[in-house]
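Asks: Below is my_file_15.json; it holds JSON, C-alpha atoms.
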[["chain", "number", "residue", "atom", "x", "y", "z"],
["A", 1, "MET", "CA", 2.43, -5.68, -21.79],
["A", 2, "SER", "CA", -0.29, -4.43, -19.48],
["A", 3, "THR", "CA", -0.61, -1.35, -17.29],
["A", 4, "ILE", "CA", -0.37, -3.57, -14.22],
["A", 5, "GLU", "CA", 2.90, -5.08, -15.49],
["A", 6, "ILE", "CA", 4.31, -1.60, -16.17],
["A", 7, "ALA", "CA", 3.41, -0.46, -12.64],
["A", 8, "ALA", "CA", 4.92, -3.61, -11.11],
["A", 9, "PHE", "CA", 8.07, -3.08, -13.19],
["A", 10, "VAL", "CA", 8.57, 0.50, -11.95],
["A", 11, "LEU", "CA", 7.89, -0.46, -8.34],
["A", 12, "GLY", "CA", 10.31, -3.40, -8.65],
["A", 13, "VAL", "CA", 13.17, -1.25, -9.87],
["A", 14, "ILE", "CA", 12.63, 1.26, -7.07],
["A", 15, "ASN", "CA", 12.33, -1.54, -4.49],
["A", 16, "VAL", "CA", 15.54, -3.36, -5.37],
["A", 17, "ALA", "CA", 17.54, -0.15, -5.81],
["A", 18, "LEU", "CA", 16.53, 0.81, -2.27],
["A", 19, "VAL", "CA", 17.41, -2.69, -0.96],
["A", 20, "VAL", "CA", 20.88, -2.43, -2.48],
["A", 21, "ARG", "CA", 21.33, 0.87, -0.65],
["A", 22, "ARG", "CA", 20.10, -0.83, 2.55],
["A", 23, "SER", "CA", 17.19, 1.62, 2.80],
["A", 24, "ILE", "CA", 14.25, 0.53, 4.91],
["A", 25, "TRP", "CA", 12.00, 2.43, 2.48],
["A", 26, "ASN", "CA", 12.28, -0.47, 0.03],
["A", 27, "TYR", "CA", 9.46, -2.22, 1.88],
["A", 28, "PRO", "CA", 6.43, -0.07, 0.92],
["A", 29, "PHE", "CA", 7.37, -0.39, -2.75],
["A", 30, "ALA", "CA", 7.85, -4.14, -2.36],
["A", 31, "LEU", "CA", 4.44, -4.65, -0.77],
["A", 32, "VAL", "CA", 2.56, -3.04, -3.65],
["A", 33, "MET", "CA", 4.77, -4.68, -6.29],
["A", 34, "VAL", "CA", 4.20, -8.22, -5.01],
["A", 35, "LEU", "CA", 0.43, -7.78, -4.97],
["A", 36, "LEU", "CA", 0.52, -6.69, -8.61],
["A", 37, "TYR", "CA", 2.77, -9.59, -9.56],
["A", 38, "ALA", "CA", 0.47, -12.08, -7.84],
["A", 39, "ARG", "CA", -2.18, -11.18, -10.42],
["A", 40, "ILE", "CA", 0.25, -11.12, -13.36],
["A", 41, "PHE", "CA", 1.67, -14.57, -12.56],
["A", 42, "TYR", "CA", -1.74, -16.11, -11.86],
["A", 43, "ASP", "CA", -2.95, -14.95, -15.26],
["A", 44, "ALA", "CA", 0.19, -16.50, -16.85],
["A", 45, "LYS", "CA", -0.46, -19.83, -15.04],
["A", 46, "LEU", "CA", 2.79, -19.50, -13.13],
["A", 47, "TYR", "CA", 1.12, -20.62, -9.92],
["A", 48, "SER", "CA", 4.28, -21.06, -7.87],
["A", 49, "ASP", "CA", 5.26, -17.48, -8.67],
["A", 50, "ALA", "CA", 1.73, -16.25, -7.94],
["A", 51, "LEU", "CA", 1.64, -17.93, -4.52],
["A", 52, "LEU", "CA", 5.17, -16.75, -3.87],
["A", 53, "GLN", "CA", 3.97, -13.15, -3.99],
["A", 54, "PHE", "CA", 1.77, -13.71, -0.92],
["A", 55, "PHE", "CA", 4.76, -15.17, 0.89],
["A", 56, "PHE", "CA", 6.77, -12.12, -0.20],
["A", 57, "PHE", "CA", 4.06, -9.85, 1.17],
["A", 58, "ALA", "CA", 4.25, -11.48, 4.61],
["A", 59, "VAL", "CA", 8.06, -11.62, 4.66],
["A", 60, "ASN", "CA", 8.31, -8.01, 3.52],
["A", 61, "LEU", "CA", 6.16, -7.00, 6.49],
["A", 62, "TYR", "CA", 8.50, -9.01, 8.73],
["A", 63, "GLY", "CA", 11.57, -7.52, 7.03],
["A", 64, "TRP", "CA", 10.27, -3.99, 7.47],
["A", 65, "TRP", "CA", 9.81, -4.66, 11.18],
["A", 66, "ALA", "CA", 13.19, -6.46, 11.55],
["A", 67, "TRP", "CA", 15.16, -3.82, 9.66],
["A", 68, "GLY", "CA", 13.48, -1.05, 11.63],
["A", 69, "ARG", "CA", 14.36, -2.78, 14.86],
["A", 70, "ALA", "CA", 17.98, -3.39, 13.76],
["A", 71, "ALA", "CA", 18.41, 0.21, 12.63],
["A", 72, "ALA", "CA", 17.00, 1.48, 15.93],
["A", 73, "SER", "CA", 19.36, -0.64, 18.03],
["A", 74, "GLU", "CA", 22.49, -0.45, 15.86],
["A", 75, "GLY", "CA", 22.06, 2.89, 14.11],
["A", 76, "THR", "CA", 22.35, 1.30, 10.65],
["A", 77, "ILE", "CA", 21.42, -1.83, 8.74],
["A", 78, "VAL", "CA", 24.26, -4.21, 9.63],
["A", 79, "VAL", "CA", 25.25, -6.91, 7.13],
["A", 80, "GLU", "CA", 25.70, -10.41, 8.54],
["A", 81, "ARG", "CA", 27.06, -13.66, 7.08],
["A", 82, "MET", "CA", 26.18, -17.34, 7.54],
["A", 83, "THR", "CA", 28.54, -20.03, 8.77],
["A", 84, "MET", "CA", 29.43, -22.85, 6.39],
["A", 85, "ARG", "CA", 27.26, -25.25, 8.39],
["A", 86, "VAL", "CA", 24.25, -22.97, 8.14],
["A", 87, "ARG", "CA", 24.80, -22.57, 4.38],
["A", 88, "LEU", "CA", 24.84, -26.36, 3.96],
["A", 89, "GLY", "CA", 21.60, -26.63, 5.93],
["A", 90, "TRP", "CA", 19.96, -24.03, 3.71],
["A", 91, "ALA", "CA", 21.18, -25.79, 0.55],
["A", 92, "VAL", "CA", 19.73, -29.14, 1.62],
["A", 93, "GLY", "CA", 16.47, -27.54, 2.74],
["A", 94, "VAL", "CA", 16.08, -25.64, -0.52],
["A", 95, "ALA", "CA", 16.78, -28.77, -2.61],
["A", 96, "VAL", "CA", 14.20, -30.82, -0.70],
["A", 97, "ALA", "CA", 11.63, -28.03, -0.90],
["A", 98, "ILE", "CA", 12.11, -27.72, -4.67],
["A", 99, "ILE", "CA", 11.56, -31.45, -5.19],
["A", 100, "VAL", "CA", 8.47, -31.56, -2.98],
["A", 101, "TRP", "CA", 6.87, -28.36, -4.27],
["A", 102, "ALA", "CA", 7.57, -28.98, -7.97],
["A", 103, "SER", "CA", 6.21, -32.53, -7.70],
["A", 104, "LEU", "CA", 2.99, -31.27, -6.12],
["A", 105, "VAL", "CA", 2.53, -28.46, -8.63],
["A", 106, "GLN", "CA", 3.20, -30.80, -11.55],
["A", 107, "ARG", "CA", 0.78, -33.40, -10.27],
["A", 108, "TYR", "CA", -2.12, -31.26, -9.11],
["A", 109, "THR", "CA", -2.22, -28.19, -11.38],
["A", 110, "ASP", "CA", -2.10, -27.21, -15.03],
["A", 111, "ALA", "CA", 0.95, -25.05, -14.31],
["A", 112, "ALA", "CA", 3.15, -24.06, -17.17],
["A", 113, "LEU", "CA", 6.77, -25.16, -16.56],
["A", 114, "PRO", "CA", 6.21, -26.41, -12.98],
["A", 115, "TRP", "CA", 9.83, -27.43, -12.23],
["A", 116, "TRP", "CA", 11.37, -24.24, -13.58],
["A", 117, "ASP", "CA", 8.75, -22.08, -11.87],
["A", 118, "ALA", "CA", 9.00, -23.99, -8.58],
["A", 119, "THR", "CA", 12.80, -23.79, -8.53],
["A", 120, "ALA", "CA", 12.75, -20.02, -9.00],
["A", 121, "ALA", "CA", 10.00, -19.70, -6.38],
["A", 122, "ILE", "CA", 11.66, -21.83, -3.69],
["A", 123, "VAL", "CA", 15.08, -20.21, -4.14],
["A", 124, "SER", "CA", 13.29, -16.84, -3.93],
["A", 125, "VAL", "CA", 11.76, -17.86, -0.61],
["A", 126, "ALA", "CA", 15.19, -18.65, 0.79],
["A", 127, "ALA", "CA", 16.68, -15.44, -0.59],
["A", 128, "GLN", "CA", 13.87, -13.29, 0.84],
["A", 129, "ILE", "CA", 14.23, -14.82, 4.29],
["A", 130, "MET", "CA", 17.98, -14.22, 4.15],
["A", 131, "LEU", "CA", 17.41, -10.63, 3.01],
["A", 132, "SER", "CA", 15.04, -10.04, 5.94],
["A", 133, "ARG", "CA", 17.81, -11.27, 8.24],
["A", 134, "ARG", "CA", 20.35, -9.00, 6.48],
["A", 135, "LEU", "CA", 22.47, -11.98, 5.40],
["A", 136, "LEU", "CA", 25.00, -11.25, 2.66],
["A", 137, "GLU", "CA", 24.30, -14.61, 0.98],
["A", 138, "ASN", "CA", 20.84, -13.43, -0.09],
["A", 139, "TRP", "CA", 22.45, -11.72, -3.09],
["A", 140, "VAL", "CA", 23.99, -14.94, -4.41],
["A", 141, "LEU", "CA", 20.57, -16.56, -4.37],
["A", 142, "TRP", "CA", 18.92, -13.53, -5.98],
["A", 143, "ILE", "CA", 21.48, -13.69, -8.79],
["A", 144, "ALA", "CA", 20.52, -17.35, -9.38],
["A", 145, "VAL", "CA", 16.80, -16.52, -9.22],
["A", 146, "ASP", "CA", 17.22, -13.65, -11.66],
["A", 147, "ILE", "CA", 19.03, -15.84, -14.20],
["A", 148, "LEU", "CA", 16.33, -18.55, -13.92],
["A", 149, "SER", "CA", 13.54, -15.99, -14.11],
["A", 150, "ILE", "CA", 14.87, -14.17, -17.17],
["A", 151, "GLY", "CA", 14.51, -17.38, -19.18],
["A", 152, "LEU", "CA", 11.19, -18.35, -17.60],
["A", 153, "TYR", "CA", 9.52, -15.02, -18.33],
["A", 154, "ALA", "CA", 10.94, -14.92, -21.86],
["A", 155, "VAL", "CA", 9.41, -18.34, -22.56],
["A", 156, "LYS", "CA", 6.06, -17.11, -21.19],
["A", 157, "GLY", "CA", 6.21, -13.87, -23.22],
["A", 158, "LEU", "CA", 6.29, -11.61, -20.16],
["A", 159, "TRP", "CA", 8.79, -9.31, -21.82],
["A", 160, "LEU", "CA", 8.63, -6.38, -19.44],
["A", 161, "THR", "CA", 8.90, -8.71, -16.45],
["A", 162, "MET", "CA", 11.86, -10.40, -18.16],
["A", 163, "ALA", "CA", 13.47, -6.97, -18.62],
["A", 164, "LEU", "CA", 12.81, -6.25, -14.94],
["A", 165, "TYR", "CA", 14.69, -9.41, -13.99],
["A", 166, "VAL", "CA", 17.62, -8.34, -16.17],
["A", 167, "ILE", "CA", 17.66, -5.12, -14.15],
["A", 168, "PHE", "CA", 17.23, -7.17, -10.94],
["A", 169, "LEU", "CA", 20.25, -9.25, -11.98],
["A", 170, "LEU", "CA", 22.39, -6.13, -12.41],
["A", 171, "LEU", "CA", 21.11, -4.73, -9.11],
["A", 172, "ALA", "CA", 21.79, -8.06, -7.36],
["A", 173, "VAL", "CA", 25.40, -8.01, -8.54],
["A", 174, "TRP", "CA", 25.64, -4.41, -7.33],
["A", 175, "GLY", "CA", 24.00, -5.44, -4.04],
["A", 176, "LEU", "CA", 26.49, -8.24, -3.49],
["A", 177, "ILE", "CA", 29.42, -5.90, -4.14],
["A", 178, "ASP", "CA", 27.99, -3.09, -2.01],
["A", 179, "TRP", "CA", 27.03, -5.34, 0.91],
["A", 180, "ARG", "CA", 30.52, -6.92, 0.87],
["A", 181, "ARG", "CA", 32.01, -3.42, 1.11],
["A", 182, "ALA", "CA", 29.66, -2.61, 3.99],
["A", 183, "GLU", "CA", 30.66, -5.83, 5.73],
["A", 184, "ARG", "CA", 34.34, -4.92, 5.39],
["A", 185, "ARG", "CA", 33.67, -1.41, 6.76],
["A", 186, "GLN", "CA", 31.81, -2.95, 9.71],
["A", 187, "ALA", "CA", 34.71, -5.30, 10.43],
["A", 188, "ALA", "CA", 37.20, -2.42, 10.29],
["A", 189, "ALA", "CA", 35.15, -0.26, 12.68]]
Output the structure of this file as structure tokens.

Replies:
Amino acid sequence: MSTIEIAAFVLGVINVALVVRRSIWNYPFALVMVLLYARIFYDAKLYSDALLQFFFFAVNLYGWWAWGRAAASEGTIVVERMTMRVRLGWAVGVAVAIIVWASLVQRYTDAALPWWDATAAIVSVAAQIMLSRRLLENWVLWIAVDILSIGLYAVKGLWLTMALYVIFLLLAVWGLIDWRRAERRQAAA
């Protein structure tokens, strides 16, 4: 357990707790956290996770802008939901992306656990995009990512990061419940 992992852990807990509360202030914490995790995952030869952090950085910048714009026009962060057709499209896209990315990582790198790592990374990409768009379904994907990641980081001996993903899992369940309540309040208003 390194100092950088401890700092990333603390920033991660703050970040996700703020996301659950639909606070736009989650984004500064997320930006620093993902940069720290890029280094941690690169050192652990979890290349999909390391590259994912740079994607997260860019999408967090977009999310900060999008949430700020939504809050300015609507007065609050409004929860939205996908149609069944859109969900199916996302599911197919995610499955194809996992197969393509994991195959490439397995073939061209010395990555540890390329399929497991790639699956968690690709599902994370989808979840982060959905979160930036304030889609309720992001929490279902984060729950899946957290479960996958807990095992992955345990296998790699990243114990504090594994503990963070246990906390992320609890926060994701809370987020799903809280965002469903917010959606119901919006519908009633």

Asks: Tell me, as a list in words, which residues lie within 12 Å of Asp110 of chain A, counting only C-alpha atoms; anything in the same chain fewer than 3 positions away does not count.

Replies: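 Returned residues: Tyr42, Ala44, Lys45, Leu46, Tyr47, Ser48, Leu104, Val105, Gln106, Arg107, Leu113 and Pro114 of chain A.
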
Asks: Between A:Val86, A:Ile14, A:Val34, A:Leu141, which has the minimum distance to Phe56 of chain A (counting only C-alpha atoms)?

Replies: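 Of all the options, A:Val34 lies closest to Phe56 of chain A.
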
Asks: Need the shell around segment 57-74 of chain A: protein/DNA/RNA residues with any atom at most 6 Å away, counting all atoms listed in the file. Skip same-chain ones fewer than 5 positions apart. Format as a ChimeraX atom specification?

Replies: /A:27,31,132

Asks: For atom CA of Val145 of chain A and atom CA of Val94 of chain A, quote the distance in Å rounded to one decimal.

Replies: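 One can read the atom CA of Val145 of chain A to atom CA of Val94 of chain A distance as 12.6 Å.
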
Asks: If you count all atoms listed in the file, which residues fall within 7 Å of segment 167-174 of chain A, apart from same-chain ones fewer than 5 positions away, as a PyMOL selection string?

Replies: chain A and resi 16-17+139+142-143+146

Asks: What does the structure give for the distance between atom CA of Ala102 of chain A and atom CA of Leu51 of chain A, in Å to one decimal?

Replies: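 Value for the atom CA of Ala102 of chain A-atom CA of Leu51 of chain A distance: 13.0 Å.
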
Asks: What separation in Å, quoted to one decimal, exists between atom CA of Trp116 of chain A and atom CA of Leu148 of chain A?

Replies: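 Separation between atom CA of Trp116 of chain A and atom CA of Leu148 of chain A: 7.6 Å.
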
Asks: Quick one: what's the axis-aligned box for segment 49-60 of chain A, all listed atoms, 6 Å on every side, centre and edges in Å to one decimal, as AutoDock Vina command-line options?

Replies:
--center_x 5.0 --center_y -13.0 --center_z -2.0 --size_x 18.7 --size_y 21.9 --size_z 25.3

Asks: Go through A:Ala118, A:Val78, A:Ala8, A:Leu136 one by one, measure the shortest atom-to-atom distance of each to Val32 of chain A using only C-alpha atoms, and give the residue with the smallest value.

Replies: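 Closest candidate: A:Ala8.
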
Asks: Identify which of the residues A:Ala7, A:Ala95, A:Val100, A:Ile77 lies closest to Gln186 of chain A, counting all atoms listed in the file when measuring atom-to-atom distances.

Replies: A:Ile77

Asks: Name the residues in contact with Ala154 of chain A at a cut-off of 12 Å, using all atoms listed in the file, excluding same-chain residues fewer than 5 positions from it; report them as a ChimeraX atom specification.

Replies: /A:44,147-149,159-166

Asks: Please write a file for segment 163-184 of chain A, taken from the block I just shared, that holds N, CA, C and O atoms and is laid out as a PDB file, in the first residue's frame.

Replies:
ATOM      1  N   ALA A 163     -10.502  -2.488  -1.288  1.00  0.00           N
ATOM      2  CA  ALA A 163     -11.386  -1.956  -0.242  1.00  0.00           C
ATOM      3  C   ALA A 163     -12.167  -0.744  -0.771  1.00  0.00           C
ATOM      4  O   ALA A 163     -13.348  -0.590  -0.463  1.00  0.00           O
ATOM      5  N   LEU A 164     -11.506   0.085  -1.578  1.00  0.00           N
ATOM      6  CA  LEU A 164     -12.195   1.226  -2.176  1.00  0.00           C
ATOM      7  C   LEU A 164     -13.360   0.757  -3.038  1.00  0.00           C
ATOM      8  O   LEU A 164     -14.443   1.333  -2.996  1.00  0.00           O
ATOM      9  N   TYR A 165     -13.160  -0.324  -3.795  1.00  0.00           N
ATOM     10  CA  TYR A 165     -14.237  -0.816  -4.652  1.00  0.00           C
ATOM     11  C   TYR A 165     -15.351  -1.483  -3.849  1.00  0.00           C
ATOM     12  O   TYR A 165     -16.492  -1.512  -4.311  1.00  0.00           O
ATOM     13  N   VAL A 166     -15.056  -1.973  -2.665  1.00  0.00           N
ATOM     14  CA  VAL A 166     -16.131  -2.429  -1.775  1.00  0.00           C
ATOM     15  C   VAL A 166     -16.965  -1.217  -1.356  1.00  0.00           C
ATOM     16  O   VAL A 166     -18.205  -1.261  -1.385  1.00  0.00           O
ATOM     17  N   ILE A 167     -16.285  -0.138  -1.004  1.00  0.00           N
ATOM     18  CA  ILE A 167     -17.000   1.098  -0.653  1.00  0.00           C
ATOM     19  C   ILE A 167     -17.758   1.623  -1.865  1.00  0.00           C
ATOM     20  O   ILE A 167     -18.923   2.023  -1.748  1.00  0.00           O
ATOM     21  N   PHE A 168     -17.110   1.598  -3.057  1.00  0.00           N
ATOM     22  CA  PHE A 168     -17.790   2.021  -4.281  1.00  0.00           C
ATOM     23  C   PHE A 168     -19.051   1.198  -4.520  1.00  0.00           C
ATOM     24  O   PHE A 168     -20.068   1.720  -4.947  1.00  0.00           O
ATOM     25  N   LEU A 169     -18.976  -0.103  -4.249  1.00  0.00           N
ATOM     26  CA  LEU A 169     -20.145  -0.968  -4.432  1.00  0.00           C
ATOM     27  C   LEU A 169     -21.285  -0.513  -3.520  1.00  0.00           C
ATOM     28  O   LEU A 169     -22.429  -0.384  -3.970  1.00  0.00           O
ATOM     29  N   LEU A 170     -20.982  -0.264  -2.265  1.00  0.00           N
ATOM     30  CA  LEU A 170     -22.017   0.209  -1.334  1.00  0.00           C
ATOM     31  C   LEU A 170     -22.572   1.560  -1.779  1.00  0.00           C
ATOM     32  O   LEU A 170     -23.789   1.789  -1.742  1.00  0.00           O
ATOM     33  N   LEU A 171     -21.681   2.451  -2.215  1.00  0.00           N
ATOM     34  CA  LEU A 171     -22.122   3.764  -2.683  1.00  0.00           C
ATOM     35  C   LEU A 171     -22.946   3.656  -3.964  1.00  0.00           C
ATOM     36  O   LEU A 171     -23.899   4.414  -4.162  1.00  0.00           O
ATOM     37  N   ALA A 172     -22.588   2.704  -4.838  1.00  0.00           N
ATOM     38  CA  ALA A 172     -23.350   2.519  -6.078  1.00  0.00           C
ATOM     39  C   ALA A 172     -24.766   2.026  -5.786  1.00  0.00           C
ATOM     40  O   ALA A 172     -25.725   2.465  -6.426  1.00  0.00           O
ATOM     41  N   VAL A 173     -24.891   1.136  -4.818  1.00  0.00           N
ATOM     42  CA  VAL A 173     -26.233   0.684  -4.417  1.00  0.00           C
ATOM     43  C   VAL A 173     -27.010   1.873  -3.849  1.00  0.00           C
ATOM     44  O   VAL A 173     -28.172   2.097  -4.198  1.00  0.00           O
ATOM     45  N   TRP A 174     -26.368   2.651  -2.995  1.00  0.00           N
ATOM     46  CA  TRP A 174     -26.991   3.861  -2.448  1.00  0.00           C
ATOM     47  C   TRP A 174     -27.357   4.816  -3.578  1.00  0.00           C
ATOM     48  O   TRP A 174     -28.446   5.383  -3.599  1.00  0.00           O
ATOM     49  N   GLY A 175     -26.447   4.997  -4.538  1.00  0.00           N
ATOM     50  CA  GLY A 175     -26.710   5.880  -5.672  1.00  0.00           C
ATOM     51  C   GLY A 175     -27.919   5.452  -6.470  1.00  0.00           C
ATOM     52  O   GLY A 175     -28.762   6.281  -6.846  1.00  0.00           O
ATOM     53  N   LEU A 176     -28.018   4.160  -6.740  1.00  0.00           N
ATOM     54  CA  LEU A 176     -29.165   3.642  -7.480  1.00  0.00           C
ATOM     55  C   LEU A 176     -30.469   3.928  -6.734  1.00  0.00           C
ATOM     56  O   LEU A 176     -31.434   4.422  -7.323  1.00  0.00           O
ATOM     57  N   ILE A 177     -30.469   3.667  -5.443  1.00  0.00           N
ATOM     58  CA  ILE A 177     -31.668   3.911  -4.632  1.00  0.00           C
ATOM     59  C   ILE A 177     -31.994   5.399  -4.602  1.00  0.00           C
ATOM     60  O   ILE A 177     -33.138   5.815  -4.828  1.00  0.00           O
ATOM     61  N   ASP A 178     -30.994   6.229  -4.351  1.00  0.00           N
ATOM     62  CA  ASP A 178     -31.214   7.667  -4.236  1.00  0.00           C
ATOM     63  C   ASP A 178     -31.657   8.282  -5.560  1.00  0.00           C
ATOM     64  O   ASP A 178     -32.560   9.119  -5.593  1.00  0.00           O
ATOM     65  N   TRP A 179     -31.030   7.866  -6.659  1.00  0.00           N
ATOM     66  CA  TRP A 179     -31.403   8.424  -7.958  1.00  0.00           C
ATOM     67  C   TRP A 179     -32.801   7.959  -8.371  1.00  0.00           C
ATOM     68  O   TRP A 179     -33.522   8.692  -9.028  1.00  0.00           O
ATOM     69  N   ARG A 180     -33.204   6.744  -7.979  1.00  0.00           N
ATOM     70  CA  ARG A 180     -34.582   6.308  -8.254  1.00  0.00           C
ATOM     71  C   ARG A 180     -35.573   7.178  -7.488  1.00  0.00           C
ATOM     72  O   ARG A 180     -36.618   7.544  -8.013  1.00  0.00           O
ATOM     73  N   ARG A 181     -35.239   7.490  -6.233  1.00  0.00           N
ATOM     74  CA  ARG A 181     -36.112   8.392  -5.449  1.00  0.00           C
ATOM     75  C   ARG A 181     -36.204   9.762  -6.116  1.00  0.00           C
ATOM     76  O   ARG A 181     -37.289  10.342  -6.205  1.00  0.00           O
ATOM     77  N   ALA A 182     -35.065  10.262  -6.562  1.00  0.00           N
ATOM     78  CA  ALA A 182     -35.058  11.579  -7.225  1.00  0.00           C
ATOM     79  C   ALA A 182     -35.888  11.535  -8.505  1.00  0.00           C
ATOM     80  O   ALA A 182     -36.635  12.483  -8.797  1.00  0.00           O
ATOM     81  N   GLU A 183     -35.792  10.445  -9.228  1.00  0.00           N
ATOM     82  CA  GLU A 183     -36.583  10.299 -10.462  1.00  0.00           C
ATOM     83  C   GLU A 183     -38.080  10.314 -10.134  1.00  0.00           C
ATOM     84  O   GLU A 183     -38.867  10.953 -10.829  1.00  0.00           O
ATOM     85  N   ARG A 184     -38.462   9.621  -9.073  1.00  0.00           N
ATOM     86  CA  ARG A 184     -39.877   9.602  -8.672  1.00  0.00           C
ATOM     87  C   ARG A 184     -40.344  11.000  -8.235  1.00  0.00           C
ATOM     88  O   ARG A 184     -41.454  11.413  -8.562  1.00  0.00           O
TER      89      ARG A 184
END
